[in-house]
Every structure is written in C-alpha cells, then in structure tokens.
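Student: My structure file protein-v5.txt, compact mmCIF, C-alpha atoms, is below:
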# COMPACT_ATOMS: atom_id res chain seq x y z
CA MET A 22 -13.98 23.55 13.06
CA VAL A 23 -12.82 20.09 11.93
CA LYS A 24 -15.76 17.97 10.80
CA ARG A 25 -14.21 14.50 11.33
CA PRO A 26 -11.28 14.69 13.77
CA ALA A 27 -10.53 10.93 14.00
CA GLU A 28 -10.31 10.60 10.23
CA LEU A 29 -8.17 13.74 10.02
CA ALA A 30 -5.76 12.41 12.66
CA VAL A 31 -5.28 9.09 10.82
CA THR A 32 -4.86 10.89 7.50
CA LEU A 33 -2.27 13.31 8.86
CA GLY A 34 -0.39 10.39 10.44
CA LEU A 35 -0.27 8.58 7.11
CA LEU A 36 0.79 11.80 5.41
CA ALA A 37 3.67 12.15 7.89
CA VAL A 38 4.77 8.58 7.13
CA ALA A 39 4.70 9.30 3.39
CA VAL A 40 6.75 12.48 3.76
CA ALA A 41 9.28 10.70 6.01
CA ALA A 42 9.58 7.79 3.58
CA PHE A 43 10.01 10.19 0.65
CA ALA A 44 12.79 12.04 2.50
CA ALA A 45 14.46 8.75 3.43
CA SER A 46 14.35 7.59 -0.20
CA TRP A 47 16.85 10.32 -1.08
CA ALA A 48 19.24 9.34 1.73
CA SER A 49 20.17 5.99 0.17
CA VAL A 50 19.85 6.52 -3.54
CA GLY A 51 21.13 3.14 -4.72
CA GLY A 52 22.83 2.44 -8.00
CA VAL A 53 21.90 3.47 -11.49
CA ASN A 54 21.87 1.11 -14.42
CA ALA A 55 24.47 2.52 -16.82
CA ALA A 56 22.66 1.01 -19.82
CA SER A 57 19.48 2.97 -19.14
CA ASN A 58 18.08 5.73 -16.99
CA ASP A 59 16.47 3.15 -14.70
CA GLN A 60 16.73 4.06 -11.03
CA PRO A 61 15.60 1.63 -8.32
CA MET A 62 13.77 4.31 -6.33
CA ARG A 63 11.82 5.83 -9.23
CA LEU A 64 8.63 3.78 -8.79
CA PRO A 65 8.55 4.06 -4.96
CA ARG A 66 8.97 7.84 -5.21
CA ILE A 67 6.15 8.10 -7.75
CA LEU A 68 3.92 6.04 -5.45
CA LEU A 69 4.86 8.19 -2.45
CA VAL A 70 3.96 11.37 -4.35
CA LEU A 71 0.58 9.84 -5.26
CA TRP A 72 0.12 8.78 -1.61
CA THR A 73 0.85 12.35 -0.50
CA VAL A 74 -1.63 13.87 -2.96
CA LEU A 75 -4.34 11.42 -1.90
CA ALA A 76 -3.59 12.02 1.79
CA LEU A 77 -3.91 15.78 1.29
CA ALA A 78 -7.25 15.28 -0.47
CA CYS A 79 -8.46 12.99 2.33
CA ALA A 80 -7.30 15.48 4.96
CA GLY A 81 -9.21 18.26 3.23
CA ARG A 82 -12.31 16.06 3.06
CA ALA A 83 -12.02 15.12 6.75
CA ALA A 84 -11.56 18.75 7.77
CA LEU A 85 -14.26 20.32 5.61
CA VAL A 86 -16.96 17.77 4.73
CA PRO A 87 -19.23 16.66 7.57
CA ALA A 88 -19.95 12.99 8.12
CA ALA A 89 -23.16 11.58 6.71
CA SER A 90 -26.15 12.37 8.87
CA GLY A 91 -26.93 9.64 11.35
CA THR A 92 -23.34 8.42 11.56
CA ALA A 93 -22.50 7.68 15.17
CA PRO A 94 -19.10 8.77 16.52
CA SER A 95 -18.35 5.14 17.44
CA THR A 96 -18.83 4.18 13.78
CA ALA A 97 -16.38 6.88 12.74
CA ARG A 98 -13.83 5.65 15.30
CA ALA A 99 -14.28 2.06 14.08
CA GLY A 100 -13.68 3.23 10.51
CA ALA A 101 -10.55 5.10 11.60
CA GLY A 102 -9.37 1.94 13.39
CA ARG A 103 -9.90 -0.11 10.23
CA VAL A 104 -7.95 2.44 8.16
CA THR A 105 -5.14 2.31 10.72
CA ALA A 106 -5.10 -1.50 10.62
CA PHE A 107 -5.05 -1.33 6.81
CA ALA A 108 -2.03 1.01 6.89
CA VAL A 109 -0.20 -1.19 9.41
CA VAL A 110 -0.73 -4.28 7.24
CA LEU A 111 0.55 -2.43 4.17
CA LEU A 112 3.60 -1.23 6.10
CA MET A 113 4.37 -4.70 7.46
CA THR A 114 4.00 -6.17 3.97
CA ALA A 115 6.38 -3.59 2.50
CA VAL A 116 8.95 -4.05 5.26
CA SER A 117 8.93 -7.84 4.94
CA LEU A 118 9.43 -7.90 1.14
CA PRO A 119 13.26 -7.79 1.19
CA LEU A 120 13.42 -10.48 3.87
CA LEU A 121 10.80 -12.95 2.68
CA GLY A 122 10.57 -12.28 -1.05
CA TYR A 123 7.32 -11.32 -2.77
CA LEU A 124 5.03 -14.33 -2.52
CA LEU A 125 4.56 -14.80 1.24
CA PRO A 126 4.25 -11.17 2.39
CA VAL A 127 1.99 -10.10 -0.46
CA THR A 128 -0.27 -13.14 -0.29
CA ILE A 129 -0.65 -12.95 3.49
CA GLY A 130 -0.98 -9.15 3.40
CA LEU A 131 -3.62 -9.32 0.67
CA ALA A 132 -5.58 -11.94 2.59
CA ILE A 133 -5.68 -9.66 5.65
CA LEU A 134 -6.56 -6.60 3.54
CA LEU A 135 -9.39 -8.43 1.79
CA TRP A 136 -10.72 -9.53 5.17
CA LEU A 137 -10.52 -5.93 6.47
CA LEU A 138 -12.45 -4.79 3.39
CA GLY A 139 -15.20 -7.29 4.20
CA GLU A 140 -14.62 -9.88 1.48
CA ARG A 141 -16.02 -13.19 2.72
CA SER A 142 -16.79 -15.12 -0.49
CA PRO A 143 -14.25 -17.98 -0.72
CA VAL A 144 -14.17 -18.00 -4.54
CA ARG A 145 -13.66 -14.23 -4.92
CA PHE A 146 -11.15 -14.33 -2.07
CA ALA A 147 -9.08 -17.07 -3.77
CA VAL A 148 -9.25 -15.45 -7.21
CA ALA A 149 -8.21 -12.07 -5.80
CA LEU A 150 -5.28 -13.67 -3.96
CA LEU A 151 -4.06 -15.46 -7.08
CA LEU A 152 -4.52 -12.51 -9.44
CA LEU A 153 -3.24 -9.78 -7.15
CA GLY A 154 -0.46 -11.80 -5.51
CA PRO A 155 1.68 -13.93 -7.81
CA GLY A 156 -0.30 -12.83 -10.89
CA LEU A 157 0.73 -9.18 -10.60
CA TRP A 158 4.30 -10.19 -9.85
CA ALA A 159 4.42 -12.20 -13.10
CA VAL A 160 2.91 -9.33 -15.10
CA PHE A 161 5.31 -6.71 -13.77
CA HIS A 162 8.42 -8.90 -13.58
CA HIS A 163 8.13 -10.89 -16.79
CA GLY A 164 5.63 -8.93 -18.88
CA LEU A 165 6.75 -5.36 -18.19
CA GLY A 166 10.35 -6.13 -17.25
CA MET A 167 10.27 -4.16 -13.99
CA ARG A 168 12.70 -5.09 -11.25
CA LEU A 169 10.71 -6.47 -8.35
CA PRO A 170 11.70 -8.45 -5.25
CA LEU A 171 12.23 -12.14 -5.84
CA LEU A 172 9.10 -14.25 -5.79
CA ILE A 173 10.60 -16.36 -3.01
CA SER A 174 13.64 -15.17 -1.10
CA GLY A 175 16.79 -17.18 -1.82
CA GLY A 176 16.70 -16.97 -5.61
CA ALA A 177 14.29 -19.85 -6.30
CA PHE A 178 12.56 -17.83 -9.04
Using the file provided, produce a representation of the structure as structure tokens.
Tutor:
Amino acid sequence: MVKRPAELAVTLGLLAVAVAAFAASWASVGGVNAASNDQPMRLPRILLVLWTVLALACAGRAALVPAASGTAPSTARAGAGRVTAFAVVLLMTAVSLPLLGYLLPVTIGLAILLWLLGERSPVRFAVALLLLGPGLWAVFHHGLGMRLPLLISGGAF
C-alpha cells in the first residue's frame, strides 16, 4: 500500500513532465557549433536526467516510507500543494526566459520560490536574489563561457 499518496501523485506528475520534456528535446535538436562539440540542448538534457533520477527516488520514498508519526493528512496535502506551486513557478520561469530574457523571470521566480520556502528575512532575501539571479548569470555567462539567455531581452547585455 502507498504510504503517502498525495506526495506520490505530485512526484509522478513531475516525472511525467520531465520525460515529456526530454522526449521533446530530441524533436528540435538545434544547431551544432562547428568549432566545438557544443550542443545547445546538452545542459537541459543533463538537468532533465537528474530531475528524472530525483523524481524516481522521491516516488520510491513516497510509496515506501511512511510519513512521520503525528503528521496530519491536511499537512501532507498542504506540503503537496506547496511542491506543486514550486513546480509551476519553475515552469513559468523557464517558459518566460526566451521572451523576457534572464533577469526578470529569474528574479521574480526566485522571489516567489524563496517566499514558498519560508524565507522572510529581508537581508537574506535580497542577498539571495542578487547572488542567485544576476550573479549566477554573470558566473555562467562570463566566467564559464556558457551560452545562456540574454540578461535582458532585446540585446541590451
């Protein structure tokens, strides 16, 4: 018998999204840089494989490991709702990257994710937004030389 059905349902839903996205990544392969073996979909595919492995582990945990004693079913449903909201915010952030650039979607998405995680300290909130938003873009784009979406759509950066 499944120990935590709400958590298992959310996990299997996210697993289905990952598998669908992985399959779709092969439909439109994109170009290859002739000067190197760099492929635009390499990093997203690696992340989708990691997402799938983690989703399988979470599904196994939800199916086999009982919830902590004293956990009310309403608490479990609230946690599943928060996980679903988290996934929706991540999806909306990813979908809006090509349209809005990197800065706006990631900063707004991170603000919502931090709030969902319970971060309420203004200083830690601001530092996390600056480091994880434009800071990570600068590290990956300039420091590591990875192709990322523009910081602001329209070629300003």
Student: Report, as JSON, the axis-aligned box around all atoms of region 144-154 of chain A present in the file, extended by 4 Å on each side; give centre and edge lengths in Å to one decimal place.
Tutor:
{"center_x": -7.3, "center_y": -13.9, "center_z": -5.8, "size_x": 21.7, "size_y": 16.2, "size_z": 15.4}
Student: Between A:Gly34, A:Pro143, A:Pro65, A:Gly102, which is the closest to Leu77 (chain A) once you count only C-alpha atoms?
Tutor: A:Gly34
Student: Could you jot down the CA of Trp136 (chain A) to CA of Leu121 (chain A) separation for me, Å, one decimal place?
Tutor: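 If I compute the distance from CA of Trp136 (chain A) to CA of Leu121 (chain A), I get 21.9 Å.
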Student: What's around Ala83 (chain A) at 10 Å? Count all atoms listed in the file, leave out sequence neighbours fewer than 6 positions away in its own chain, and write the answer as a ChimeraX atom specification.
Tutor: /A:23-32,77
Student: Which distance in Å separates CA of Phe146 (chain A) and CA of Met113 (chain A), to one decimal?
Tutor: 20.6 Å
Student: Please list as a list in words every residue within 8 Å of Arg66 (chain A), counting only C-alpha atoms and excluding residues in the same chain fewer than 3 positions away.
Tutor: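 Skipping anything fewer than 3 positions along the chain leaves Phe43, Ser46, Met62, Arg63, Leu69 and Val70 of chain A.
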Student: At what distance in Å, to one decimal, does CA of Ala76 (chain A) lie from CA of Gly139 (chain A)?
Tutor: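 It comes out at 22.7 Å.
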Student: Using all atoms listed in the file, find the one residue out of A:Val109, A:Val86, A:Leu75, A:Pro170 that sits nearest to Trp158 (chain A).
Tutor: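 Looking only at the distances to Trp158 (chain A), the closest residue turns out to be A:Pro170.
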Student: Select, from A:Ala48, A:Ala80, A:Ile133, A:Leu150, the residue with the minimum atom-to-atom distance to Leu36 (chain A), counting all atoms listed in the file.
Tutor: A:Ala80
Student: Find the residue from A:Ala42, A:Leu134, A:Met22, A:Phe161 that sits nearest to Trp72 (chain A); use all atoms listed in the file when measuring.
Tutor: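 The closest residue to Trp72 (chain A) is A:Ala42.
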Student: Given the choices A:Val160, A:Leu35, A:Ala99, A:Ile173, which gets closest to Cys79 (chain A) if the distance is worked out from all atoms listed in the file?
Tutor: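 Nearest candidate to Cys79 (chain A) out of A:Val160, A:Leu35, A:Ala99, A:Ile173: A:Leu35.
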Student: Output as a short mmCIF file (atom, residue, chain, number, x, y, z; two decimals), keeping the file's coordinate frame: region 110-133 of chain A, completed with N, CA, C and O atoms.
Tutor:
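Wrote part-v8.cif, looks like this:
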data_model
loop_
_atom_site.label_atom_id
_atom_site.label_comp_id
_atom_site.auth_asym_id
_atom_site.auth_seq_id
_atom_site.Cartn_x
_atom_site.Cartn_y
_atom_site.Cartn_z
N VAL A 110 -0.94 -3.07 8.05
CA VAL A 110 -0.73 -4.28 7.24
C VAL A 110 0.08 -3.95 6.00
O VAL A 110 1.01 -4.68 5.62
N LEU A 111 -0.22 -2.83 5.35
CA LEU A 111 0.55 -2.43 4.17
C LEU A 111 2.01 -2.16 4.54
O LEU A 111 2.93 -2.56 3.81
N LEU A 112 2.23 -1.51 5.66
CA LEU A 112 3.60 -1.23 6.10
C LEU A 112 4.36 -2.52 6.41
O LEU A 112 5.50 -2.69 5.98
N MET A 113 3.72 -3.43 7.12
CA MET A 113 4.37 -4.70 7.46
C MET A 113 4.67 -5.52 6.20
O MET A 113 5.71 -6.16 6.10
N THR A 114 3.77 -5.47 5.24
CA THR A 114 4.00 -6.17 3.97
C THR A 114 5.20 -5.58 3.26
O THR A 114 6.08 -6.31 2.79
N ALA A 115 5.26 -4.25 3.18
CA ALA A 115 6.38 -3.59 2.50
C ALA A 115 7.71 -3.86 3.19
O ALA A 115 8.72 -4.12 2.54
N VAL A 116 7.71 -3.84 4.51
CA VAL A 116 8.95 -4.05 5.26
C VAL A 116 9.44 -5.48 5.12
O VAL A 116 10.64 -5.75 5.08
N SER A 117 8.52 -6.43 5.00
CA SER A 117 8.93 -7.84 4.94
C SER A 117 9.33 -8.29 3.54
O SER A 117 9.88 -9.39 3.39
N LEU A 118 9.08 -7.49 2.51
CA LEU A 118 9.43 -7.90 1.14
C LEU A 118 10.91 -8.26 0.96
O LEU A 118 11.22 -9.30 0.39
N PRO A 119 11.85 -7.43 1.41
CA PRO A 119 13.26 -7.79 1.19
C PRO A 119 13.68 -9.06 1.95
O PRO A 119 14.57 -9.77 1.51
N LEU A 120 13.03 -9.33 3.06
CA LEU A 120 13.42 -10.48 3.87
C LEU A 120 12.79 -11.78 3.40
O LEU A 120 13.44 -12.83 3.41
N LEU A 121 11.54 -11.73 3.00
CA LEU A 121 10.80 -12.95 2.68
C LEU A 121 10.52 -13.14 1.20
O LEU A 121 9.91 -14.13 0.82
N GLY A 122 10.92 -12.19 0.36
CA GLY A 122 10.57 -12.28 -1.05
C GLY A 122 9.18 -11.68 -1.26
O GLY A 122 8.64 -11.00 -0.40
N TYR A 123 8.60 -11.94 -2.41
CA TYR A 123 7.32 -11.32 -2.77
C TYR A 123 6.12 -12.17 -2.38
O TYR A 123 5.12 -11.67 -1.88
N LEU A 124 6.20 -13.47 -2.61
CA LEU A 124 5.03 -14.33 -2.52
C LEU A 124 4.39 -14.37 -1.14
O LEU A 124 3.19 -14.11 -1.00
N LEU A 125 5.14 -14.66 -0.10
CA LEU A 125 4.56 -14.80 1.24
C LEU A 125 4.01 -13.49 1.79
O LEU A 125 2.84 -13.43 2.19
N PRO A 126 4.79 -12.40 1.82
CA PRO A 126 4.25 -11.17 2.39
C PRO A 126 3.04 -10.63 1.64
O PRO A 126 2.05 -10.21 2.25
N VAL A 127 3.09 -10.66 0.31
CA VAL A 127 1.99 -10.10 -0.46
C VAL A 127 0.74 -10.96 -0.34
O VAL A 127 -0.37 -10.45 -0.17
N THR A 128 0.90 -12.26 -0.39
CA THR A 128 -0.27 -13.14 -0.29
C THR A 128 -0.91 -13.04 1.09
O THR A 128 -2.13 -12.90 1.21
N ILE A 129 -0.11 -13.07 2.13
CA ILE A 129 -0.65 -12.95 3.49
C ILE A 129 -1.22 -11.55 3.71
O ILE A 129 -2.31 -11.39 4.27
N GLY A 130 -0.49 -10.53 3.27
CA GLY A 130 -0.98 -9.15 3.40
C GLY A 130 -2.28 -8.93 2.65
O GLY A 130 -3.21 -8.31 3.17
N LEU A 131 -2.38 -9.47 1.43
CA LEU A 131 -3.62 -9.32 0.67
C LEU A 131 -4.78 -10.04 1.33
O LEU A 131 -5.91 -9.54 1.34
N ALA A 132 -4.52 -11.21 1.90
CA ALA A 132 -5.58 -11.94 2.59
C ALA A 132 -6.12 -11.10 3.75
O ALA A 132 -7.34 -10.99 3.93
N ILE A 133 -5.24 -10.48 4.52
CA ILE A 133 -5.68 -9.66 5.65
C ILE A 133 -6.42 -8.41 5.15
O ILE A 133 -7.46 -8.03 5.69
#
